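Raw protein06.csv, CSV, N, CA and C atoms:
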```csv
chain,number,residue,atom,x,y,z
A,1,MET,N,152.4,-14.7,-51.7
A,1,MET,CA,153.6,-14.0,-52.1
A,1,MET,C,154.0,-13.1,-50.9
A,2,VAL,N,155.2,-12.8,-50.8
A,2,VAL,CA,155.8,-12.1,-49.7
A,2,VAL,C,155.4,-10.7,-49.6
A,3,GLY,N,155.5,-9.9,-50.7
A,3,GLY,CA,155.2,-8.5,-50.7
A,3,GLY,C,153.9,-8.1,-51.1
A,4,SER,N,152.9,-9.0,-51.3
A,4,SER,CA,151.6,-8.6,-51.8
A,4,SER,C,150.8,-7.9,-50.8
A,5,ALA,N,150.9,-8.3,-49.5
A,5,ALA,CA,150.1,-7.6,-48.5
A,5,ALA,C,150.6,-6.2,-48.2
A,6,THR,N,151.9,-6.0,-48.4
A,6,THR,CA,152.5,-4.6,-48.1
A,6,THR,C,152.1,-3.7,-49.3
A,7,LEU,N,151.9,-4.2,-50.5
A,7,LEU,CA,151.6,-3.3,-51.6
A,7,LEU,C,150.2,-2.7,-51.4
A,8,GLY,N,149.2,-3.6,-51.0
A,8,GLY,CA,147.9,-3.1,-50.7
A,8,GLY,C,147.8,-2.2,-49.5
A,9,ARG,N,148.6,-2.5,-48.5
A,9,ARG,CA,148.7,-1.6,-47.3
A,9,ARG,C,149.3,-0.3,-47.7
A,10,ARG,N,150.3,-0.3,-48.5
A,10,ARG,CA,150.9,1.0,-48.9
A,10,ARG,C,149.9,1.8,-49.8
A,11,LEU,N,149.2,1.1,-50.6
A,11,LEU,CA,148.3,1.8,-51.5
A,11,LEU,C,147.2,2.4,-50.8
A,12,PHE,N,146.5,1.7,-49.9
A,12,PHE,CA,145.4,2.3,-49.2
A,12,PHE,C,145.8,3.0,-47.9
A,13,GLY,N,147.0,2.7,-47.4
A,13,GLY,CA,147.4,3.4,-46.1
A,13,GLY,C,148.2,4.6,-46.4
A,14,VAL,N,148.9,4.7,-47.5
A,14,VAL,CA,149.8,5.9,-47.8
A,14,VAL,C,149.4,6.6,-49.0
A,15,TYR,N,149.4,5.9,-50.2
A,15,TYR,CA,149.2,6.6,-51.4
A,15,TYR,C,147.8,7.2,-51.7
A,16,LEU,N,146.8,6.5,-51.3
A,16,LEU,CA,145.4,7.0,-51.5
A,16,LEU,C,145.2,8.2,-50.6
A,17,PRO,N,145.5,8.2,-49.3
A,17,PRO,CA,145.4,9.4,-48.5
A,17,PRO,C,146.2,10.6,-49.0
A,18,LEU,N,147.4,10.3,-49.4
A,18,LEU,CA,148.2,11.4,-50.0
A,18,LEU,C,147.6,11.9,-51.2
A,19,LEU,N,147.0,11.1,-52.1
A,19,LEU,CA,146.4,11.6,-53.3
A,19,LEU,C,145.2,12.5,-52.9
A,20,LEU,N,144.4,12.0,-52.0
A,20,LEU,CA,143.2,12.8,-51.5
A,20,LEU,C,143.7,14.2,-50.9
A,21,PHE,N,144.7,14.1,-50.1
A,21,PHE,CA,145.2,15.3,-49.5
A,21,PHE,C,145.8,16.3,-50.6
A,22,LEU,N,146.4,15.7,-51.6
A,22,LEU,CA,147.0,16.5,-52.7
A,22,LEU,C,145.8,17.2,-53.5
A,23,ILE,N,144.8,16.5,-53.8
A,23,ILE,CA,143.6,17.1,-54.4
A,23,ILE,C,143.0,18.2,-53.6
A,24,PHE,N,142.9,17.9,-52.3
A,24,PHE,CA,142.3,18.9,-51.4
A,24,PHE,C,143.2,20.2,-51.4
A,25,LEU,N,144.5,20.0,-51.4
A,25,LEU,CA,145.4,21.2,-51.4
A,25,LEU,C,145.4,21.9,-52.7
A,26,LEU,N,145.3,21.2,-53.8
A,26,LEU,CA,145.5,21.9,-55.1
A,26,LEU,C,144.2,22.4,-55.7
A,27,LEU,N,143.0,21.9,-55.2
A,27,LEU,CA,141.8,22.4,-55.7
A,27,LEU,C,141.6,23.9,-55.7
A,28,PRO,N,141.9,24.6,-54.6
A,28,PRO,CA,141.7,26.1,-54.7
A,28,PRO,C,142.6,26.7,-55.7
A,29,PHE,N,143.8,26.3,-56.0
A,29,PHE,CA,144.6,26.9,-57.0
A,29,PHE,C,144.0,26.6,-58.4
A,30,TYR,N,143.5,25.4,-58.6
A,30,TYR,CA,142.8,25.1,-59.9
A,30,TYR,C,141.6,25.9,-60.1
A,31,TRP,N,140.8,26.1,-59.0
A,31,TRP,CA,139.6,26.9,-59.1
A,31,TRP,C,140.0,28.4,-59.4
A,32,MET,N,141.0,28.9,-58.8
A,32,MET,CA,141.4,30.3,-59.1
A,32,MET,C,141.8,30.5,-60.6
A,33,ILE,N,142.5,29.5,-61.1
A,33,ILE,CA,142.9,29.6,-62.5
A,33,ILE,C,141.7,29.5,-63.4
A,34,ILE,N,140.8,28.5,-63.1
A,34,ILE,CA,139.6,28.3,-64.0
A,34,ILE,C,138.8,29.6,-64.0
A,35,VAL,N,138.5,30.2,-62.8
A,35,VAL,CA,137.7,31.3,-62.7
A,35,VAL,C,138.3,32.5,-63.4
A,36,SER,N,139.6,32.6,-63.3
A,36,SER,CA,140.3,33.8,-64.0
A,36,SER,C,140.3,33.7,-65.5
A,37,LEU,N,140.2,32.5,-66.0
A,37,LEU,CA,140.2,32.4,-67.5
A,37,LEU,C,138.8,32.3,-68.1
A,38,LYS,N,137.8,32.3,-67.3
A,38,LYS,CA,136.4,32.3,-67.9
A,38,LYS,C,135.9,33.7,-68.0
A,39,PRO,N,135.0,33.9,-69.0
A,39,PRO,CA,134.4,35.2,-69.1
A,39,PRO,C,133.3,35.4,-68.0
A,40,PRO,N,133.0,36.6,-67.6
A,40,PRO,CA,132.0,36.8,-66.5
A,40,PRO,C,130.7,36.1,-66.8
A,41,THR,N,130.3,36.0,-68.0
A,41,THR,CA,128.9,35.4,-68.3
A,41,THR,C,128.9,33.9,-68.0
A,42,ASP,N,130.1,33.3,-68.2
A,42,ASP,CA,130.1,31.8,-67.9
A,42,ASP,C,130.2,31.5,-66.4
A,43,LEU,N,130.6,32.5,-65.6
A,43,LEU,CA,130.8,32.2,-64.2
A,43,LEU,C,129.5,31.9,-63.5
A,44,PHE,N,128.4,32.6,-63.9
A,44,PHE,CA,127.1,32.4,-63.3
A,44,PHE,C,126.1,31.6,-64.0
A,45,ASN,N,126.6,31.0,-65.1
A,45,ASN,CA,125.7,30.2,-65.9
A,45,ASN,C,125.8,28.7,-65.4
A,46,MET,N,124.7,28.2,-64.8
A,46,MET,CA,124.7,26.9,-64.2
A,46,MET,C,124.6,25.8,-65.2
A,47,ARG,N,124.4,26.1,-66.5
A,47,ARG,CA,124.3,25.0,-67.5
A,47,ARG,C,125.6,24.4,-67.8
A,48,PHE,N,126.7,25.2,-67.6
A,48,PHE,CA,128.1,24.7,-67.9
A,48,PHE,C,128.7,24.1,-66.7
A,49,ASN,N,129.7,23.2,-66.9
A,49,ASN,CA,130.4,22.6,-65.9
A,49,ASN,C,131.3,23.6,-65.2
A,50,PRO,N,131.2,23.8,-63.9
A,50,PRO,CA,132.0,24.9,-63.3
A,50,PRO,C,133.5,24.6,-63.2
A,51,PHE,N,133.9,23.3,-63.4
A,51,PHE,CA,135.3,22.9,-63.3
A,51,PHE,C,136.0,22.8,-64.7
A,52,TRP,N,135.3,23.3,-65.7
A,52,TRP,CA,135.9,23.2,-67.1
A,52,TRP,C,135.7,24.6,-67.8
A,53,ILE,N,136.7,25.0,-68.6
A,53,ILE,CA,136.6,26.2,-69.3
A,53,ILE,C,135.9,25.9,-70.7
A,54,ARG,N,134.8,26.6,-70.9
A,54,ARG,CA,134.1,26.4,-72.2
A,54,ARG,C,134.5,27.5,-73.1
A,55,HIS,N,134.5,28.7,-72.7
A,55,HIS,CA,135.0,29.9,-73.5
A,55,HIS,C,136.2,30.5,-72.8
A,56,PHE,N,137.4,30.4,-73.4
A,56,PHE,CA,138.6,30.9,-72.9
A,56,PHE,C,138.8,32.4,-73.2
A,57,THR,N,139.2,33.2,-72.2
A,57,THR,CA,139.5,34.6,-72.4
A,57,THR,C,140.6,35.1,-71.5
A,58,TRP,N,141.3,36.1,-72.0
A,58,TRP,CA,142.3,36.8,-71.2
A,58,TRP,C,141.8,38.1,-70.7
A,59,ALA,N,140.5,38.4,-70.9
A,59,ALA,CA,140.0,39.7,-70.5
A,59,ALA,C,140.1,40.1,-69.1
A,60,ASN,N,140.0,39.1,-68.2
A,60,ASN,CA,140.2,39.4,-66.8
A,60,ASN,C,141.6,39.8,-66.4
A,61,TYR,N,142.6,39.2,-67.1
A,61,TYR,CA,144.0,39.6,-66.8
A,61,TYR,C,144.2,41.0,-67.4
A,62,LEU,N,143.7,41.2,-68.6
A,62,LEU,CA,143.9,42.5,-69.3
A,62,LEU,C,143.3,43.6,-68.4
A,63,TYR,N,142.1,43.4,-67.9
A,63,TYR,CA,141.5,44.4,-67.0
A,63,TYR,C,142.3,44.6,-65.7
A,64,LEU,N,142.8,43.5,-65.2
A,64,LEU,CA,143.6,43.6,-63.9
A,64,LEU,C,144.8,44.5,-64.2
A,65,PHE,N,145.6,44.3,-65.2
A,65,PHE,CA,146.8,45.0,-65.4
A,65,PHE,C,146.6,46.4,-66.1
A,66,ARG,N,145.6,46.6,-66.8
A,66,ARG,CA,145.4,47.9,-67.5
A,66,ARG,C,144.5,48.8,-66.8
A,67,GLU,N,143.5,48.3,-66.1
A,67,GLU,CA,142.5,49.2,-65.5
A,67,GLU,C,142.6,49.4,-64.0
A,68,THR,N,143.4,48.6,-63.3
A,68,THR,CA,143.6,48.8,-61.9
A,68,THR,C,145.0,49.1,-61.6
A,69,ALA,N,145.3,49.4,-60.3
A,69,ALA,CA,146.6,49.8,-59.8
A,69,ALA,C,147.3,48.5,-59.2
A,70,PHE,N,147.2,47.4,-59.9
A,70,PHE,CA,147.7,46.1,-59.4
A,70,PHE,C,149.2,46.2,-59.1
A,71,ALA,N,150.0,46.8,-60.0
A,71,ALA,CA,151.5,46.9,-59.7
A,71,ALA,C,151.7,47.7,-58.4
A,72,THR,N,151.0,48.7,-58.2
A,72,THR,CA,151.2,49.5,-56.9
A,72,THR,C,150.8,48.6,-55.7
A,73,TRP,N,149.7,47.9,-55.8
A,73,TRP,CA,149.2,47.0,-54.7
A,73,TRP,C,150.3,45.9,-54.5
A,74,ALA,N,150.8,45.3,-55.5
A,74,ALA,CA,151.8,44.3,-55.3
A,74,ALA,C,153.1,44.8,-54.7
A,75,LYS,N,153.5,46.0,-55.1
A,75,LYS,CA,154.7,46.6,-54.6
A,75,LYS,C,154.5,46.9,-53.1
A,76,ASN,N,153.3,47.5,-52.7
A,76,ASN,CA,153.0,47.8,-51.3
A,76,ASN,C,153.0,46.5,-50.5
A,77,THR,N,152.4,45.5,-51.0
A,77,THR,CA,152.4,44.2,-50.3
A,77,THR,C,153.8,43.6,-50.1
A,78,LEU,N,154.6,43.7,-51.1
A,78,LEU,CA,156.0,43.2,-51.0
A,78,LEU,C,156.8,44.0,-49.9
A,79,ILE,N,156.6,45.3,-49.9
A,79,ILE,CA,157.3,46.2,-48.9
A,79,ILE,C,156.8,45.8,-47.5
A,80,VAL,N,155.5,45.7,-47.3
A,80,VAL,CA,155.0,45.4,-45.9
A,80,VAL,C,155.4,44.0,-45.5
A,81,ALA,N,155.4,43.0,-46.4
A,81,ALA,CA,155.8,41.7,-46.0
A,81,ALA,C,157.3,41.6,-45.7
A,82,THR,N,158.1,42.3,-46.5
A,82,THR,CA,159.5,42.3,-46.3
A,82,THR,C,159.9,43.0,-44.9
A,83,ALA,N,159.2,44.1,-44.7
A,83,ALA,CA,159.5,44.8,-43.4
A,83,ALA,C,159.0,44.0,-42.2
A,84,ALA,N,157.9,43.3,-42.3
A,84,ALA,CA,157.4,42.5,-41.2
A,84,ALA,C,158.3,41.3,-41.0
A,85,THR,N,158.8,40.7,-42.0
A,85,THR,CA,159.7,39.6,-41.9
A,85,THR,C,161.0,40.0,-41.2
A,86,ILE,N,161.6,41.1,-41.7
A,86,ILE,CA,162.8,41.6,-41.1
A,86,ILE,C,162.7,42.0,-39.6
A,87,LEU,N,161.6,42.6,-39.3
A,87,LEU,CA,161.3,43.0,-37.9
A,87,LEU,C,161.1,41.7,-37.0
A,88,SER,N,160.4,40.8,-37.5
A,88,SER,CA,160.1,39.5,-36.8
A,88,SER,C,161.4,38.7,-36.6
A,89,LEU,N,162.2,38.6,-37.6
A,89,LEU,CA,163.5,37.9,-37.6
A,89,LEU,C,164.5,38.6,-36.6
A,90,SER,N,164.5,39.9,-36.7
A,90,SER,CA,165.4,40.6,-35.7
A,90,SER,C,165.0,40.4,-34.3
A,91,CYS,N,163.8,40.5,-34.0
A,91,CYS,CA,163.3,40.3,-32.6
A,91,CYS,C,163.5,38.9,-32.2
A,92,SER,N,163.3,37.9,-33.1
A,92,SER,CA,163.5,36.5,-32.7
A,92,SER,C,165.0,36.2,-32.5
A,93,ILE,N,165.9,36.8,-33.2
A,93,ILE,CA,167.3,36.6,-33.0
A,93,ILE,C,167.7,37.1,-31.7
A,94,LEU,N,167.3,38.3,-31.3
A,94,LEU,CA,167.7,38.9,-30.0
A,94,LEU,C,167.1,38.1,-28.9
A,95,ILE,N,165.8,37.7,-29.0
A,95,ILE,CA,165.2,37.0,-27.9
A,95,ILE,C,165.8,35.6,-27.8
A,96,GLY,N,166.1,35.0,-28.9
A,96,GLY,CA,166.8,33.6,-28.9
A,96,GLY,C,168.2,33.7,-28.2
A,97,TYR,N,168.9,34.8,-28.5
A,97,TYR,CA,170.2,34.9,-27.9
A,97,TYR,C,170.0,35.2,-26.4
A,98,ALA,N,169.1,36.0,-26.0
A,98,ALA,CA,168.9,36.2,-24.5
A,98,ALA,C,168.5,35.0,-23.8
A,99,LEU,N,167.6,34.2,-24.4
A,99,LEU,CA,167.2,32.9,-23.7
A,99,LEU,C,168.3,31.9,-23.7
A,100,ALA,N,169.2,31.9,-24.7
A,100,ALA,CA,170.2,30.9,-24.7
A,100,ALA,C,171.4,31.2,-23.8
A,101,ARG,N,171.8,32.5,-23.7
A,101,ARG,CA,173.0,32.9,-23.1
A,101,ARG,C,172.9,33.6,-21.7
A,102,LEU,N,171.8,34.2,-21.5
A,102,LEU,CA,171.7,35.1,-20.3
A,102,LEU,C,170.8,34.4,-19.2
A,103,ARG,N,171.2,34.6,-18.0
A,103,ARG,CA,170.4,34.2,-16.8
A,103,ARG,C,169.6,35.3,-16.3
A,104,PHE,N,168.3,35.2,-16.2
A,104,PHE,CA,167.5,36.2,-15.6
A,104,PHE,C,166.3,35.5,-15.0
A,105,PRO,N,165.6,36.2,-14.0
A,105,PRO,CA,164.5,35.5,-13.4
A,105,PRO,C,163.4,35.1,-14.4
A,106,GLY,N,163.0,33.8,-14.3
A,106,GLY,CA,162.0,33.3,-15.2
A,106,GLY,C,162.6,32.7,-16.5
A,107,SER,N,163.9,32.7,-16.7
A,107,SER,CA,164.5,32.2,-18.0
A,107,SER,C,164.4,30.7,-18.1
A,108,ALA,N,164.4,30.0,-16.9
A,108,ALA,CA,164.3,28.6,-16.9
A,108,ALA,C,162.9,28.1,-17.4
A,109,THR,N,161.9,29.0,-17.4
A,109,THR,CA,160.6,28.6,-17.8
A,109,THR,C,160.6,28.4,-19.3
A,110,PHE,N,161.4,29.1,-20.0
A,110,PHE,CA,161.3,29.1,-21.5
A,110,PHE,C,162.4,28.1,-22.1
A,111,THR,N,163.2,27.5,-21.3
A,111,THR,CA,164.2,26.7,-21.9
A,111,THR,C,164.1,25.3,-21.3
A,112,THR,N,164.8,24.3,-21.9
A,112,THR,CA,164.9,22.9,-21.4
A,112,THR,C,166.1,22.8,-20.5
A,113,PRO,N,166.0,21.9,-19.5
A,113,PRO,CA,167.1,21.6,-18.6
A,113,PRO,C,168.3,21.1,-19.4
A,114,ILE,N,168.1,20.3,-20.5
A,114,ILE,CA,169.2,19.8,-21.3
A,114,ILE,C,170.0,20.9,-21.9
A,115,GLY,N,169.3,21.9,-22.4
A,115,GLY,CA,170.0,23.1,-23.0
A,115,GLY,C,170.8,23.9,-22.0
A,116,ARG,N,170.3,24.0,-20.8
A,116,ARG,CA,171.0,24.7,-19.8
A,116,ARG,C,172.3,24.0,-19.3
A,117,SER,N,172.2,22.7,-19.1
A,117,SER,CA,173.3,21.9,-18.4
A,117,SER,C,174.4,21.7,-19.4
A,118,SER,N,174.1,21.7,-20.7
A,118,SER,CA,175.2,21.3,-21.7
A,118,SER,C,175.9,22.6,-22.2
A,119,SER,N,175.6,23.7,-21.7
A,119,SER,CA,176.2,25.0,-22.2
A,119,SER,C,177.6,25.0,-21.7
A,120,PRO,N,178.6,25.3,-22.7
A,120,PRO,CA,180.0,25.3,-22.3
A,120,PRO,C,180.4,26.7,-21.6
A,121,ILE,N,179.5,27.6,-21.6
A,121,ILE,CA,179.8,29.0,-21.1
A,121,ILE,C,179.5,29.0,-19.6
A,122,ARG,N,180.4,29.5,-18.8
A,122,ARG,CA,180.3,29.6,-17.4
A,122,ARG,C,179.6,30.9,-17.1
A,123,HIS,N,178.5,30.8,-16.2
A,123,HIS,CA,177.8,32.0,-15.8
A,123,HIS,C,178.2,32.3,-14.4
A,124,PHE,N,178.5,33.6,-14.1
A,124,PHE,CA,178.9,33.9,-12.7
A,124,PHE,C,177.8,34.6,-12.0
```
Let me see whether you can do it: turn the structure in this file into structure tokens.
Amino acid sequence: MVGSATLGRRLFGVYLPLLLFLIFLLLPFYWMIIVSLKPPTDLFNMRFNPFWIRHFTWANYLYLFRETAFATWAKNTLIVATAATILSLSCSILIGYALARLRFPGSATFTTPIGRSSSPIRHF
């Protein structure tokens, strides 16, 4: 048959590696969810399957939101991440403009000749 060799090649050459990569990427998230929904006694009991929930509990989440300052920690993290992103983006925009439009010693090191020659702006 005409397409039979390509199906096997796609299966073992594309889909199987993608499936393994997907499992590799999603396993930490699955593990975090499983561990957060287990009681502390089941976490260290080696008689149970570590990848399955035997006794379901919300106690870990109740402790997180009631007994710790998680909301403050999340707010502080959001503020720092937003400020770092704004600072990084502002610096990148200014540096990108300088590299694209201005001529200064060493500027050719950071740009490509194609970008320099195709610029419609005349530099004096």
task = Write out as JSON, numbers by chain all residues of chain A that DSSP puts in helix (DSSP H, G or I) for this structure's backbone.
result = {"A": [4, 5, 6, 7, 8, 9, 10, 11, 12, 13, 14, 15, 16, 17, 18, 19, 20, 21, 22, 23, 24, 25, 26, 27, 28, 29, 30, 31, 32, 33, 34, 35, 36, 37, 40, 41, 42, 43, 59, 60, 61, 62, 63, 64, 65, 66, 67, 70, 71, 72, 73, 74, 75, 76, 77, 78, 79, 80, 81, 82, 83, 84, 85, 86, 87, 88, 89, 90, 91, 92, 93, 94, 95, 96, 97, 98, 99, 100, 101, 107, 108, 109, 110, 113, 114, 115, 116, 117]}
note = Separating CA of Leu20 in chain A from CA of Gly8 in chain A, to the nearest tenth of an Å, is a gap of 16.6 Å
query = Rounded to one decimal in Å, what is the spacing between atom N of Pro40 in chain A and atom C of Ala59 in chain A?
reply = 8.1 Å
Distance of CA of Phe44 in chain A from CA of Tyr63 in chain A, expressed in Å to one decimal place =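 Separation of CA of Tyr63 in chain A and CA of Phe44 in chain A: 19.1 Å.
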